[in-house]
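Take a look at the structure below.
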Amino acid sequence: MPFDMKALDKPVRFFWPEDPKGEEWVDLRALTDKEQIALMRECGMEVRESFQPNPYSKKVEHIDYIPANLDKLDAFLDKVWDMTIADWNLATPDGKKIPCTPENKTALMSKSDDFRRWVDECVAKIRPAREERRKELEKNSSGSQRG
C-alpha cells in the first residue's frame, strides 16, 4: 500500500445536515493522542501525579491529573479545534462565505452548541473507521509475510 507522507491522516468530509442544498461541508480530522499531548505542552499544560488513599479500599492509588487553569484550557481547545477542522464551505444566512480561519473555528465551536455537537459526533465516527483501517492493514500485512 503506498503512503502519502504529506497526507497520512486525511480529513473526512461531512455535509452540514441543516443545509437543504447539500453544499455546506466541513473537513474534519480526529487528532491522535500524540498530537493532543503536544498541544497540551504547547499551551503550558502538564500532567502531574499524586498518590491518594482510596476511601473505599484504603489502598493508596496513583492519580494523574492536570491542574485547572482556564486560560490554558481555552488556548488548548482553540488549537484542538483549529487542527480538527481542516477546511469548510460554510455560509451565512445571506449566502456570504465564512472564511475557515482559527478565529471563526473558535467562534462556531464555542458559541454554537448545534455546530459543536455535530462536529463532535462526526469526529466520533472517524475514530472507529481509523481503527478498522488499522486492523485491515495489520490483517493484510500479516498474510503477506507468510512464506
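Please note that chains go A, B, ... in the order of the C-alpha cells, that every chain numbers its residues from 1, and that ligands are numbered from 1 in the order shown.
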inquiry  = Give me, as a list of chain:residue names, all polymer residues having an atom no more than 12 Å from A:Ser110, counting only C-alpha atoms and skipping those fewer than 6 positions away in the same chain.
reply    =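 With the cut-off at 12 Å, the set is A:Asp74, A:Leu77, A:Asp78, A:Trp81, A:Pro102, A:Glu103, A:Asn104, A:Arg116, A:Arg117, A:Val119.
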request  = Report the residues of stretch 16-74 of chain A whose backbone DSSP state falls under alpha helix (DSSP H), written as a VMD selection string.
outcome  = chain A and resid 33 to 42 70 to 74
Output C-alpha atoms of each residue in that selection to a file, as a compact mmCIF listing (two decimals), in the first residue's frame.
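Output (part-v3.txt):
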# COMPACT_ATOMS: atom_id res chain seq x y z
CA ASP A 33 -3.16 11.16 21.33
CA LYS A 34 0.36 12.30 20.45
CA GLU A 35 -0.98 15.43 18.73
CA GLN A 36 -3.19 16.26 21.72
CA ILE A 37 -0.31 15.82 24.17
CA ALA A 38 1.88 18.06 22.01
CA LEU A 39 -0.85 20.74 22.03
CA MET A 40 -1.17 20.44 25.81
CA ARG A 41 2.56 21.02 26.19
CA GLU A 42 2.44 23.90 23.73
CA LEU A 70 -8.91 28.09 32.39
CA ASP A 71 -6.70 30.30 30.21
CA LYS A 72 -4.51 27.33 29.27
CA LEU A 73 -7.58 25.18 28.69
CA ASP A 74 -9.08 27.83 26.38
If you run DSSP over the backbone, which residues in chain A end up strand (DSSP E or B)? Put them as a PDB file with C-alpha atoms, in the first residue's frame.
ATOM      1  CA  VAL A  12     -13.021  13.316   6.175  1.00  0.00           C
ATOM      2  CA  ARG A  13     -15.763  15.452   4.619  1.00  0.00           C
ATOM      3  CA  PHE A  14     -19.115  15.743   6.382  1.00  0.00           C
ATOM      4  CA  PHE A  15     -22.058  17.655   4.946  1.00  0.00           C
ATOM      5  CA  TRP A  25     -19.497  20.836   4.376  1.00  0.00           C
ATOM      6  CA  VAL A  26     -16.692  20.560   6.901  1.00  0.00           C
ATOM      7  CA  ASP A  27     -13.489  18.524   6.529  1.00  0.00           C
ATOM      8  CA  LEU A  28     -12.567  17.019   9.910  1.00  0.00           C
ATOM      9  CA  ARG A  48       1.007  15.895  37.432  1.00  0.00           C
ATOM     10  CA  GLU A  49       0.789  12.865  39.624  1.00  0.00           C
ATOM     11  CA  SER A  50      -0.387  12.276  43.131  1.00  0.00           C
ATOM     12  CA  PHE A  51      -0.785   9.351  45.468  1.00  0.00           C
ATOM     13  CA  GLN A  52      -4.074   9.356  47.361  1.00  0.00           C
ATOM     14  CA  PRO A  53      -5.727   6.810  49.630  1.00  0.00           C
ATOM     15  CA  VAL A  60      -3.011   4.223  48.086  1.00  0.00           C
ATOM     16  CA  GLU A  61      -3.662   4.865  44.386  1.00  0.00           C
ATOM     17  CA  HIS A  62      -1.647   6.680  41.742  1.00  0.00           C
ATOM     18  CA  ILE A  63      -3.626   9.540  40.172  1.00  0.00           C
ATOM     19  CA  ASP A  64      -2.618  11.580  37.126  1.00  0.00           C
ATOM     20  CA  TYR A  65      -4.246  14.995  36.853  1.00  0.00           C
ATOM     21  CA  ILE A  85     -11.364  21.398  11.362  1.00  0.00           C
ATOM     22  CA  ALA A  86      -9.144  21.176   8.278  1.00  0.00           C
ATOM     23  CA  ASP A  87     -11.401  23.134   5.915  1.00  0.00           C
ATOM     24  CA  TRP A  88     -15.009  24.043   5.278  1.00  0.00           C
ATOM     25  CA  ASN A  89     -17.518  25.506   2.902  1.00  0.00           C
ATOM     26  CA  LEU A  90     -19.973  27.319   5.165  1.00  0.00           C
ATOM     27  CA  ALA A  91     -22.062  30.398   4.525  1.00  0.00           C
ATOM     28  CA  LYS A  97     -18.868  32.543   2.573  1.00  0.00           C
ATOM     29  CA  ILE A  98     -17.456  32.183   6.081  1.00  0.00           C
TER      30      ILE A  98
END
